[in-house]
Amino acid sequence: MTTAEPLPGVEIWRGGVNTWDCDEMGHMNVRFYVSRAMEGLAGLAAELGLPHAFSPYANATLVVREQHIRFLREAHAGATLHMLGGVISISETEARLLQLLVHTATGQLAATFQTTVAHVTPREGEAFPWPGVTRARAEALKVEVPEMARARSLDLSPFEPTASLARADELGLRRTGLGALSPTDCDVFGRMRAEQFIGRVSDGIGAFIGPFRDTVVRHADPKPARVGGAVLEYRIVQLAWPRAGDRVELRSGLVSADHRTMRVVHWMLDPTTGQPWGTSEATTITFDLDARKAAPISDAARAELAKAAVAGLAL
């Protein structure tokens, strides 16, 4: 999609990429895409007649139930970005919102978000109906999901969560993160900030995915000189919201691989109760750092990766 094809929505955020937003791959880390999306969500809430939804004294706020993200183009330090937003659909207490992160210099999409939010009481998180003004403004902000923002490799159908610590142990899922939330990890209402899930997955992914990348490189011809990792598509579902002091444990497993991508599942669990905080699924690539593109996965590598895949693993 180029500047010749207008993008839907109203502007809800504008800014850029700092050097400290970028990771070892040389591009903006996934956690900062989500943090920009949350800033944009505040802007879209204001467009919907809820300008104080994320202030400490709000009478109502929005919580994210689910996000579908497509990462389309790298964003490097110094890049200028802006975000457009609109309403895909709205029900009595929830809405599905479109957020488009755009490279300002070119008009090309950097990433897209389909974000499902609930209208809730700020501290208890209990859903209640939207006010009339919001429903009226939502109609004026209705948009169609462009092709580049639609799910491509992931299924967005409703599902019954399977995540638990007991199930993770049964499947032999790898522990990729373990820690506790600090007050700075939480929003003004004390709930974990949305970018913490994807950020903590990113922090711990190296030891988990490294052997799979080695498999891809070992069987590649020619072999890329330097590789890393990148995510093409993500589905994140929040099942509960941990607060400051709550512990979180990440468990991860490989689901499958094709000639270009690997599909992985990450569970965020409460190590005390064994219950899930959230679940996610991602489509990832082994990233050729010199060519700045996906390293292909040979048949031999796929056969080896298939042996490492976890049977029965799902959201």
# chains A, B, ... in the order shown; residues from 1 in each chain; ligands from 1
call {"tool": "residues_around", "arguments": {"residues": "stretch 53-63 of chain A", "least_positions_apart": "3", "cutoff": "8 Å", "atoms": "only C-alpha atoms", "output": "MDAnalysis selection string"}}
result
chainID A and resid 42 45:46 50 117:122 125 188:189
call {"tool": "residues_around", "arguments": {"residues": "stretch 231-247 of chain A", "least_positions_apart": "3", "cutoff": "9 Å", "atoms": "only C-alpha atoms", "output": "JSON, numbers by chain"}}
result
{"A": [30, 64, 65, 66, 67, 68, 69, 70, 71, 72, 151, 152, 153, 154, 155, 156, 161, 178, 179, 180, 181, 182, 183, 184, 185, 186, 190, 191, 192, 193, 194, 197, 198, 261, 269, 270, 271, 272, 276, 277, 278, 279, 280, 281, 282, 283, 284, 285, 315]}
call {"tool": "closest_residue", "arguments": {"among": "A:Gly15, A:Pro296, A:Gly177, A:Gly210", "to": "A:Val248", "atoms": "only C-alpha atoms"}}
result
A:Gly177
call {"tool": "closest_residue", "arguments": {"among": "A:Asp288, A:Asp169, A:Thr162, A:Gly274", "to": "A:Val217", "atoms": "only C-alpha atoms"}}
result
A:Asp288
call {"tool": "closest_residue", "arguments": {"among": "A:Ser202, A:Ser164, A:Thr104, A:Ser298", "to": "A:Thr273", "atoms": "only C-alpha atoms"}}
result
A:Ser164
call {"tool": "select_by_dssp", "arguments": {"residues": "stretch 47-140 of chain A", "states": "strand (DSSP E)", "output": "ChimeraX atom specification"}}
result
/A:61-71,80-90,94-103,109-120
call {"tool": "atom_distance", "arguments": {"atom1": "atom CA of A:Glu74", "atom2": "atom CA of A:Gly40"}}
result
19.0 Å
call {"tool": "closest_residue", "arguments": {"among": "A:Ala300, A:Trp130, A:Ala95, A:Leu41", "to": "A:Asp221", "atoms": "only C-alpha atoms"}}
result
A:Ala300
call {"tool": "residues_around", "arguments": {"residues": "A:Arg36", "least_positions_apart": "4", "cutoff": "12 Å", "atoms": "only C-alpha atoms", "output": "PyMOL selection string"}}
result
chain A and resi 12-17+21+28-32+40-43+81-84+99-102+110-113+193-195
call {"tool": "write_last_selection", "arguments": {"atoms": "N, CA, C and O atoms", "output": "CSV table (one decimal), in the first residue's frame"}}
result
chain,number,residue,atom,x,y,z
A,12,ILE,N,-4.5,9.5,15.3
A,12,ILE,CA,-4.6,9.3,16.8
A,12,ILE,C,-3.3,9.4,17.5
A,12,ILE,O,-3.2,9.4,18.8
A,13,TRP,N,-2.2,9.4,16.8
A,13,TRP,CA,-0.9,9.4,17.4
A,13,TRP,C,0.1,9.9,16.3
A,13,TRP,O,0.0,9.6,15.1
A,14,ARG,N,1.2,10.5,16.8
A,14,ARG,CA,2.3,10.9,15.9
A,14,ARG,C,3.6,11.0,16.7
A,14,ARG,O,3.6,11.5,17.8
A,15,GLY,N,4.7,10.5,16.1
A,15,GLY,CA,6.0,10.5,16.8
A,15,GLY,C,7.0,9.9,15.9
A,15,GLY,O,7.0,10.1,14.7
A,16,GLY,N,7.9,9.2,16.6
A,16,GLY,CA,9.1,8.6,15.9
A,16,GLY,C,9.7,7.5,16.6
A,16,GLY,O,9.2,7.0,17.7
A,17,VAL,N,10.9,7.0,16.1
A,17,VAL,CA,11.6,5.9,16.7
A,17,VAL,C,12.9,6.4,17.3
A,17,VAL,O,13.7,7.1,16.6
A,21,ASP,N,14.7,2.5,21.4
A,21,ASP,CA,13.5,1.7,21.1
A,21,ASP,C,13.9,0.5,20.3
A,21,ASP,O,13.1,-0.4,20.0
A,28,MET,N,13.0,-1.2,15.6
A,28,MET,CA,12.2,-1.0,16.7
A,28,MET,C,11.6,-2.3,17.3
A,28,MET,O,11.1,-3.2,16.5
A,29,ASN,N,11.8,-2.6,18.6
A,29,ASN,CA,11.4,-3.8,19.2
A,29,ASN,C,9.9,-3.9,19.3
A,29,ASN,O,9.2,-2.8,19.4
A,30,VAL,N,9.3,-5.1,19.3
A,30,VAL,CA,7.9,-5.3,19.3
A,30,VAL,C,7.2,-4.6,20.5
A,30,VAL,O,6.0,-4.1,20.3
A,31,ARG,N,7.8,-4.5,21.7
A,31,ARG,CA,7.2,-3.9,22.8
A,31,ARG,C,6.8,-2.5,22.5
A,31,ARG,O,5.8,-2.0,23.0
A,32,PHE,N,7.7,-1.8,21.7
A,32,PHE,CA,7.4,-0.3,21.5
A,32,PHE,C,6.3,-0.2,20.4
A,32,PHE,O,5.7,0.9,20.4
A,40,GLY,N,-1.9,5.4,21.0
A,40,GLY,CA,-2.9,5.6,20.0
A,40,GLY,C,-4.3,5.3,20.5
A,40,GLY,O,-5.3,5.9,20.1
A,41,LEU,N,-4.4,4.3,21.3
A,41,LEU,CA,-5.7,3.9,21.9
A,41,LEU,C,-6.3,5.0,22.7
A,41,LEU,O,-7.5,5.3,22.7
A,42,ALA,N,-5.5,5.7,23.4
A,42,ALA,CA,-5.9,6.9,24.2
A,42,ALA,C,-6.5,7.9,23.3
A,42,ALA,O,-7.5,8.6,23.6
A,43,GLY,N,-5.8,8.1,22.1
A,43,GLY,CA,-6.2,9.1,21.2
A,43,GLY,C,-7.6,8.7,20.5
A,43,GLY,O,-8.5,9.5,20.3
A,81,LEU,N,6.8,8.4,12.4
A,81,LEU,CA,5.7,7.5,12.3
A,81,LEU,C,4.4,8.3,12.7
A,81,LEU,O,4.5,9.3,13.5
A,82,HIS,N,3.3,7.9,12.2
A,82,HIS,CA,2.0,8.3,12.8
A,82,HIS,C,1.0,7.2,12.7
A,82,HIS,O,1.3,6.2,12.1
A,83,MET,N,-0.1,7.4,13.5
A,83,MET,CA,-1.1,6.3,13.6
A,83,MET,C,-2.5,6.8,13.2
A,83,MET,O,-2.9,7.9,13.7
A,84,LEU,N,-3.2,6.0,12.5
A,84,LEU,CA,-4.6,6.3,12.1
A,84,LEU,C,-5.5,5.2,12.9
A,84,LEU,O,-5.0,4.1,13.1
A,99,GLN,N,-6.1,0.1,14.1
A,99,GLN,CA,-5.0,1.0,14.3
A,99,GLN,C,-3.9,0.7,13.2
A,99,GLN,O,-3.5,-0.4,13.1
A,100,LEU,N,-3.6,1.8,12.5
A,100,LEU,CA,-2.6,1.6,11.4
A,100,LEU,C,-1.4,2.5,11.7
A,100,LEU,O,-1.5,3.7,11.8
A,101,LEU,N,-0.2,1.9,11.9
A,101,LEU,CA,1.0,2.6,12.1
A,101,LEU,C,1.7,2.8,10.8
A,101,LEU,O,2.0,1.9,10.1
A,102,VAL,N,1.9,4.1,10.5
A,102,VAL,CA,2.4,4.5,9.1
A,102,VAL,C,3.7,5.2,9.2
A,102,VAL,O,4.0,6.0,10.0
A,110,ALA,N,3.8,0.5,8.5
A,110,ALA,CA,4.8,-0.2,9.3
A,110,ALA,C,4.2,-1.4,10.0
A,110,ALA,O,4.8,-2.5,10.1
A,111,ALA,N,3.0,-1.2,10.6
A,111,ALA,CA,2.3,-2.3,11.3
A,111,ALA,C,0.8,-2.0,11.4
A,111,ALA,O,0.4,-0.8,11.2
A,112,THR,N,0.0,-3.0,11.6
A,112,THR,CA,-1.4,-2.9,11.7
A,112,THR,C,-1.9,-3.6,13.0
A,112,THR,O,-1.3,-4.6,13.4
A,113,PHE,N,-2.9,-3.1,13.6
A,113,PHE,CA,-3.5,-3.6,14.8
A,113,PHE,C,-5.0,-3.8,14.7
A,113,PHE,O,-5.6,-2.8,14.3
A,193,ARG,N,0.7,-3.2,32.1
A,193,ARG,CA,0.6,-2.5,30.8
A,193,ARG,C,0.6,-3.5,29.7
A,193,ARG,O,1.3,-4.5,29.8
A,194,ALA,N,-0.1,-3.2,28.6
A,194,ALA,CA,-0.3,-4.2,27.6
A,194,ALA,C,1.0,-4.7,26.9
A,194,ALA,O,1.1,-5.8,26.5
A,195,GLU,N,2.0,-3.8,26.8
A,195,GLU,CA,3.2,-4.2,26.1
A,195,GLU,C,4.1,-5.1,26.9
A,195,GLU,O,5.1,-5.7,26.4
call {"tool": "atom_distance", "arguments": {"atom1": "atom CA of A:Trp20", "atom2": "atom CA of A:Val34"}}
result
15.2 Å
call {"tool": "select_by_dssp", "arguments": {"residues": "stretch 133-217 of chain A", "states": "helix (DSSP H, G or I)", "output": "compact mmCIF listing (two decimals) with all heavy atoms, in the first residue's frame"}}
result
# COMPACT_ATOMS: atom_id res chain seq x y z
N VAL A 133 -23.09 8.76 23.49
CA VAL A 133 -22.23 9.58 22.66
C VAL A 133 -21.14 8.74 22.00
O VAL A 133 -20.76 8.98 20.84
CB VAL A 133 -21.62 10.73 23.50
CG1 VAL A 133 -20.69 10.20 24.59
CG2 VAL A 133 -20.86 11.70 22.59
N THR A 134 -20.64 7.74 22.71
CA THR A 134 -19.60 6.88 22.14
C THR A 134 -20.16 6.05 21.01
O THR A 134 -19.52 5.90 19.95
CB THR A 134 -19.00 5.97 23.23
OG1 THR A 134 -18.36 6.78 24.21
CG2 THR A 134 -17.99 5.00 22.64
N ARG A 135 -21.36 5.52 21.18
CA ARG A 135 -21.95 4.72 20.11
C ARG A 135 -22.19 5.57 18.87
O ARG A 135 -21.98 5.11 17.74
CB ARG A 135 -23.24 4.07 20.60
CG ARG A 135 -23.04 3.09 21.75
CD ARG A 135 -24.30 2.27 22.02
NE ARG A 135 -24.59 1.39 20.90
CZ ARG A 135 -24.09 0.17 20.75
NH1 ARG A 135 -23.26 -0.31 21.65
NH2 ARG A 135 -24.40 -0.55 19.70
N ALA A 136 -22.63 6.81 19.08
CA ALA A 136 -22.86 7.69 17.94
C ALA A 136 -21.55 8.02 17.22
O ALA A 136 -21.47 8.00 15.99
CB ALA A 136 -23.54 8.97 18.41
N ARG A 137 -20.51 8.31 17.99
CA ARG A 137 -19.22 8.63 17.38
C ARG A 137 -18.60 7.41 16.71
O ARG A 137 -17.90 7.52 15.71
CB ARG A 137 -18.26 9.21 18.43
CG ARG A 137 -18.69 10.57 18.94
CD ARG A 137 -17.58 11.25 19.71
NE ARG A 137 -17.98 12.56 20.20
CZ ARG A 137 -17.15 13.45 20.71
NH1 ARG A 137 -15.85 13.17 20.79
NH2 ARG A 137 -17.58 14.62 21.13
N ALA A 138 -18.85 6.23 17.29
CA ALA A 138 -18.34 5.00 16.69
C ALA A 138 -18.88 4.80 15.28
O ALA A 138 -18.16 4.35 14.38
CB ALA A 138 -18.67 3.81 17.56
N GLU A 139 -20.14 5.13 15.09
CA GLU A 139 -20.74 5.00 13.76
C GLU A 139 -20.03 5.92 12.77
O GLU A 139 -19.80 5.55 11.62
CB GLU A 139 -22.24 5.31 13.82
CG GLU A 139 -23.06 4.25 14.51
CD GLU A 139 -22.91 2.88 13.86
OE1 GLU A 139 -22.95 2.80 12.61
OE2 GLU A 139 -22.74 1.89 14.61
N ALA A 140 -19.69 7.12 13.22
CA ALA A 140 -19.01 8.07 12.34
C ALA A 140 -17.57 7.66 12.05
O ALA A 140 -16.98 8.09 11.05
CB ALA A 140 -19.03 9.47 12.97
N GLU A 147 -6.80 -4.85 3.29
CA GLU A 147 -6.22 -6.17 3.06
C GLU A 147 -4.95 -6.39 3.87
O GLU A 147 -4.74 -7.46 4.46
CB GLU A 147 -5.94 -6.35 1.57
CG GLU A 147 -5.31 -7.69 1.21
CD GLU A 147 -6.22 -8.88 1.52
OE1 GLU A 147 -7.45 -8.73 1.40
OE2 GLU A 147 -5.67 -9.95 1.88
N MET A 148 -4.10 -5.38 3.96
CA MET A 148 -2.82 -5.54 4.64
C MET A 148 -2.97 -5.68 6.15
O MET A 148 -2.02 -6.06 6.83
CB MET A 148 -1.92 -4.34 4.34
CG MET A 148 -1.45 -4.27 2.90
SD MET A 148 -0.34 -5.63 2.45
CE MET A 148 1.17 -5.11 3.25
N ALA A 149 -4.16 -5.39 6.70
CA ALA A 149 -4.37 -5.51 8.14
C ALA A 149 -5.12 -6.78 8.51
O ALA A 149 -5.34 -7.05 9.68
CB ALA A 149 -5.13 -4.29 8.66
N LEU A 165 -0.19 -24.03 33.93
CA LEU A 165 1.14 -24.50 34.27
C LEU A 165 1.22 -26.02 34.19
O LEU A 165 2.22 -26.58 33.71
CB LEU A 165 1.52 -24.01 35.67
CG LEU A 165 2.99 -24.15 36.06
CD1 LEU A 165 3.90 -23.40 35.08
CD2 LEU A 165 3.21 -23.62 37.48
N ALA A 166 0.16 -26.69 34.62
CA ALA A 166 0.14 -28.15 34.55
C ALA A 166 0.22 -28.63 33.10
O ALA A 166 0.95 -29.57 32.79
CB ALA A 166 -1.12 -28.68 35.22
N ARG A 167 -0.53 -27.95 32.22
CA ARG A 167 -0.51 -28.33 30.81
C ARG A 167 0.87 -28.03 30.20
O ARG A 167 1.37 -28.80 29.38
CB ARG A 167 -1.61 -27.57 30.07
CG ARG A 167 -1.72 -27.86 28.59
CD ARG A 167 -2.16 -29.27 28.31
NE ARG A 167 -2.44 -29.46 26.89
CZ ARG A 167 -2.36 -30.64 26.27
NH1 ARG A 167 -2.03 -31.73 26.95
NH2 ARG A 167 -2.62 -30.74 24.98
N ALA A 168 1.47 -26.92 30.60
CA ALA A 168 2.80 -26.58 30.10
C ALA A 168 3.82 -27.65 30.49
O ALA A 168 4.67 -28.05 29.68
CB ALA A 168 3.23 -25.22 30.64
N ASP A 169 3.73 -28.12 31.73
CA ASP A 169 4.63 -29.18 32.17
C ASP A 169 4.37 -30.47 31.40
O ASP A 169 5.30 -31.18 31.01
CB ASP A 169 4.46 -29.43 33.67
CG ASP A 169 5.07 -28.32 34.52
OD1 ASP A 169 5.95 -27.60 34.02
OD2 ASP A 169 4.64 -28.17 35.69
N GLU A 170 3.10 -30.77 31.19
CA GLU A 170 2.72 -31.99 30.46
C GLU A 170 3.28 -31.98 29.04
O GLU A 170 3.75 -33.01 28.53
CB GLU A 170 1.20 -32.11 30.43
CG GLU A 170 0.67 -33.32 29.69
CD GLU A 170 -0.85 -33.31 29.62
OE1 GLU A 170 -1.49 -32.66 30.46
OE2 GLU A 170 -1.39 -33.96 28.70
N LEU A 171 3.23 -30.80 28.39
CA LEU A 171 3.70 -30.69 27.01
C LEU A 171 5.20 -30.48 26.93
O LEU A 171 5.78 -30.56 25.84
CB LEU A 171 2.98 -29.53 26.32
CG LEU A 171 1.48 -29.67 26.09
CD1 LEU A 171 0.90 -28.37 25.54
CD2 LEU A 171 1.19 -30.83 25.13
N PRO A 183 5.71 -1.68 40.04
CA PRO A 183 4.71 -0.64 39.79
C PRO A 183 4.88 0.05 38.44
O PRO A 183 3.89 0.44 37.81
CB PRO A 183 4.93 0.33 40.96
CG PRO A 183 5.46 -0.53 42.06
CD PRO A 183 6.34 -1.53 41.37
N THR A 184 6.12 0.19 37.97
CA THR A 184 6.34 0.85 36.69
C THR A 184 5.92 -0.02 35.50
O THR A 184 5.84 0.47 34.38
CB THR A 184 7.81 1.26 36.52
OG1 THR A 184 8.64 0.09 36.65
CG2 THR A 184 8.21 2.27 37.57
N ASP A 185 5.67 -1.31 35.75
CA ASP A 185 5.17 -2.21 34.70
C ASP A 185 3.66 -2.10 34.54
O ASP A 185 3.08 -2.76 33.66
CB ASP A 185 5.52 -3.67 35.02
CG ASP A 185 7.00 -3.93 35.04
OD1 ASP A 185 7.73 -3.29 34.24
OD2 ASP A 185 7.45 -4.78 35.84
N GLU A 195 2.00 -3.79 26.80
CA GLU A 195 3.24 -4.17 26.11
C GLU A 195 4.11 -5.11 26.91
O GLU A 195 5.09 -5.67 26.39
CB GLU A 195 4.05 -2.92 25.73
CG GLU A 195 4.62 -2.14 26.88
CD GLU A 195 3.72 -1.03 27.38
OE1 GLU A 195 2.50 -1.08 27.09
OE2 GLU A 195 4.22 -0.12 28.07
N GLN A 196 3.76 -5.36 28.18
CA GLN A 196 4.59 -6.23 29.01
C GLN A 196 4.59 -7.68 28.50
O GLN A 196 5.63 -8.35 28.56
CB GLN A 196 4.10 -6.18 30.46
CG GLN A 196 4.52 -4.94 31.22
CD GLN A 196 6.01 -4.89 31.46
OE1 GLN A 196 6.60 -5.85 31.93
NE2 GLN A 196 6.64 -3.78 31.13
N PHE A 197 3.47 -8.16 28.01
CA PHE A 197 3.40 -9.55 27.55
C PHE A 197 4.37 -9.75 26.38
O PHE A 197 5.31 -10.55 26.45
CB PHE A 197 1.97 -9.91 27.15
CG PHE A 197 1.72 -11.38 26.88
CD1 PHE A 197 0.42 -11.86 26.82
CD2 PHE A 197 2.75 -12.29 26.70
CE1 PHE A 197 0.15 -13.20 26.59
CE2 PHE A 197 2.51 -13.64 26.45
CZ PHE A 197 1.20 -14.09 26.38
N ILE A 198 4.18 -9.00 25.31
CA ILE A 198 5.01 -9.18 24.12
C ILE A 198 6.46 -8.80 24.42
O ILE A 198 7.40 -9.40 23.89
CB ILE A 198 4.43 -8.37 22.94
CG1 ILE A 198 4.96 -8.90 21.61
CG2 ILE A 198 4.66 -6.87 23.09
CD1 ILE A 198 4.26 -8.31 20.39
N GLY A 199 6.67 -7.82 25.32
CA GLY A 199 8.02 -7.41 25.66
C GLY A 199 8.77 -8.49 26.41
O GLY A 199 9.95 -8.74 26.16
N ARG A 200 8.10 -9.15 27.34
CA ARG A 200 8.76 -10.21 28.10
C ARG A 200 9.00 -11.45 27.24
O ARG A 200 10.01 -12.15 27.44
CB ARG A 200 7.95 -10.54 29.36
CG ARG A 200 8.08 -9.45 30.42
CD ARG A 200 7.17 -9.65 31.61
NE ARG A 200 7.32 -8.54 32.55
CZ ARG A 200 7.94 -8.61 33.73
NH1 ARG A 200 8.46 -9.75 34.14
NH2 ARG A 200 8.02 -7.56 34.51
N VAL A 201 8.12 -11.71 26.29
CA VAL A 201 8.39 -12.78 25.33
C VAL A 201 9.66 -12.44 24.56
O VAL A 201 10.56 -13.28 24.38
CB VAL A 201 7.21 -12.98 24.37
CG1 VAL A 201 7.61 -13.89 23.21
CG2 VAL A 201 6.01 -13.58 25.10
N SER A 202 9.76 -11.19 24.09
CA SER A 202 10.93 -10.76 23.33
C SER A 202 12.21 -10.89 24.16
O SER A 202 13.25 -11.32 23.65
CB SER A 202 10.74 -9.31 22.88
OG SER A 202 11.87 -8.82 22.22
N ASP A 203 12.13 -10.54 25.44
CA ASP A 203 13.31 -10.61 26.30
C ASP A 203 13.85 -12.03 26.42
O ASP A 203 15.07 -12.23 26.51
CB ASP A 203 12.97 -10.09 27.70
CG ASP A 203 12.76 -8.60 27.74
OD1 ASP A 203 13.19 -7.91 26.80
OD2 ASP A 203 12.18 -8.12 28.73
N GLY A 204 12.96 -13.02 26.44
CA GLY A 204 13.39 -14.38 26.71
C GLY A 204 13.44 -15.30 25.50
O GLY A 204 13.75 -16.49 25.63
N ILE A 205 13.15 -14.76 24.32
CA ILE A 205 12.97 -15.62 23.15
C ILE A 205 14.28 -16.20 22.63
O ILE A 205 14.31 -17.27 22.01
CB ILE A 205 12.26 -14.84 22.02
CG1 ILE A 205 11.70 -15.79 20.96
CG2 ILE A 205 13.19 -13.82 21.40
CD1 ILE A 205 10.58 -16.67 21.44
N GLY A 206 15.41 -15.52 22.89
CA GLY A 206 16.67 -15.92 22.28
C GLY A 206 17.07 -17.36 22.58
O GLY A 206 17.40 -18.13 21.66
N ALA A 207 17.04 -17.74 23.85
CA ALA A 207 17.46 -19.09 24.22
C ALA A 207 16.52 -20.15 23.66
O ALA A 207 16.93 -21.28 23.37
CB ALA A 207 17.54 -19.21 25.74
N PHE A 208 15.23 -19.78 23.52
CA PHE A 208 14.25 -20.73 23.00
C PHE A 208 14.37 -20.91 21.50
O PHE A 208 14.43 -22.03 20.98
CB PHE A 208 12.85 -20.24 23.37
CG PHE A 208 11.73 -20.91 22.60
CD1 PHE A 208 11.40 -22.23 22.84
CD2 PHE A 208 11.03 -20.20 21.63
CE1 PHE A 208 10.38 -22.84 22.12
CE2 PHE A 208 10.02 -20.81 20.91
CZ PHE A 208 9.69 -22.14 21.16
N ILE A 209 14.41 -19.81 20.77
CA ILE A 209 14.35 -19.88 19.31
C ILE A 209 15.72 -20.07 18.68
O ILE A 209 15.84 -20.50 17.53
CB ILE A 209 13.67 -18.61 18.75
CG1 ILE A 209 13.00 -18.87 17.39
CG2 ILE A 209 14.65 -17.45 18.67
CD1 ILE A 209 11.73 -19.64 17.46
N GLY A 210 16.80 -19.79 19.45
CA GLY A 210 18.15 -19.89 18.91
C GLY A 210 18.47 -21.23 18.25
O GLY A 210 18.98 -21.26 17.12
N PRO A 211 18.19 -22.37 18.91
CA PRO A 211 18.48 -23.66 18.28
C PRO A 211 17.71 -23.88 16.98
O PRO A 211 18.22 -24.53 16.06
CB PRO A 211 18.06 -24.67 19.36
CG PRO A 211 18.18 -23.92 20.64
CD PRO A 211 17.77 -22.52 20.32
N PHE A 212 16.49 -23.34 16.90
CA PHE A 212 15.71 -23.48 15.66
C PHE A 212 16.33 -22.65 14.54
O PHE A 212 16.40 -23.08 13.38
CB PHE A 212 14.26 -23.07 15.89
CG PHE A 212 13.57 -23.83 16.99
CD1 PHE A 212 12.64 -23.21 17.81
CD2 PHE A 212 13.85 -25.17 17.22
CE1 PHE A 212 12.00 -23.91 18.82
CE2 PHE A 212 13.22 -25.88 18.24
CZ PHE A 212 12.29 -25.24 19.04
N ARG A 213 16.80 -21.45 14.88
CA ARG A 213 17.49 -20.63 13.88
C ARG A 213 18.76 -21.34 13.41
O ARG A 213 19.09 -21.33 12.21
CB ARG A 213 17.86 -19.26 14.46
CG ARG A 213 16.70 -18.35 14.75
CD ARG A 213 17.20 -17.04 15.34
NE ARG A 213 16.11 -16.26 15.89
CZ ARG A 213 16.24 -15.34 16.84
NH1 ARG A 213 17.44 -15.10 17.36
NH2 ARG A 213 15.20 -14.66 17.27
N ASP A 214 19.49 -21.96 14.35
CA ASP A 214 20.71 -22.69 13.97
C ASP A 214 20.38 -23.81 12.99
O ASP A 214 21.16 -24.07 12.05
CB ASP A 214 21.36 -23.28 15.22
CG ASP A 214 21.94 -22.22 16.15
OD1 ASP A 214 22.11 -21.07 15.70
OD2 ASP A 214 22.20 -22.55 17.32
N THR A 215 19.25 -24.46 13.20
CA THR A 215 18.83 -25.52 12.27
C THR A 215 18.60 -24.96 10.88
O THR A 215 19.02 -25.55 9.88
CB THR A 215 17.55 -26.19 12.80
OG1 THR A 215 17.82 -26.82 14.04
CG2 THR A 215 17.03 -27.23 11.81
N VAL A 216 17.92 -23.82 10.80
CA VAL A 216 17.66 -23.19 9.50
C VAL A 216 18.98 -22.86 8.81
O VAL A 216 19.17 -23.16 7.62
CB VAL A 216 16.80 -21.92 9.69
CG1 VAL A 216 16.69 -21.15 8.37
CG2 VAL A 216 15.42 -22.29 10.21
N VAL A 217 19.90 -22.25 9.54
CA VAL A 217 21.18 -21.82 8.95
C VAL A 217 22.02 -23.03 8.55
O VAL A 217 22.65 -23.04 7.48
CB VAL A 217 21.95 -20.92 9.93
CG1 VAL A 217 23.36 -20.64 9.42
CG2 VAL A 217 21.19 -19.62 10.17
call {"tool": "closest_residue", "arguments": {"among": "A:Thr106, A:Thr115, A:Thr286, A:Ser252", "to": "A:Met38", "atoms": "only C-alpha atoms"}}
result
A:Thr115
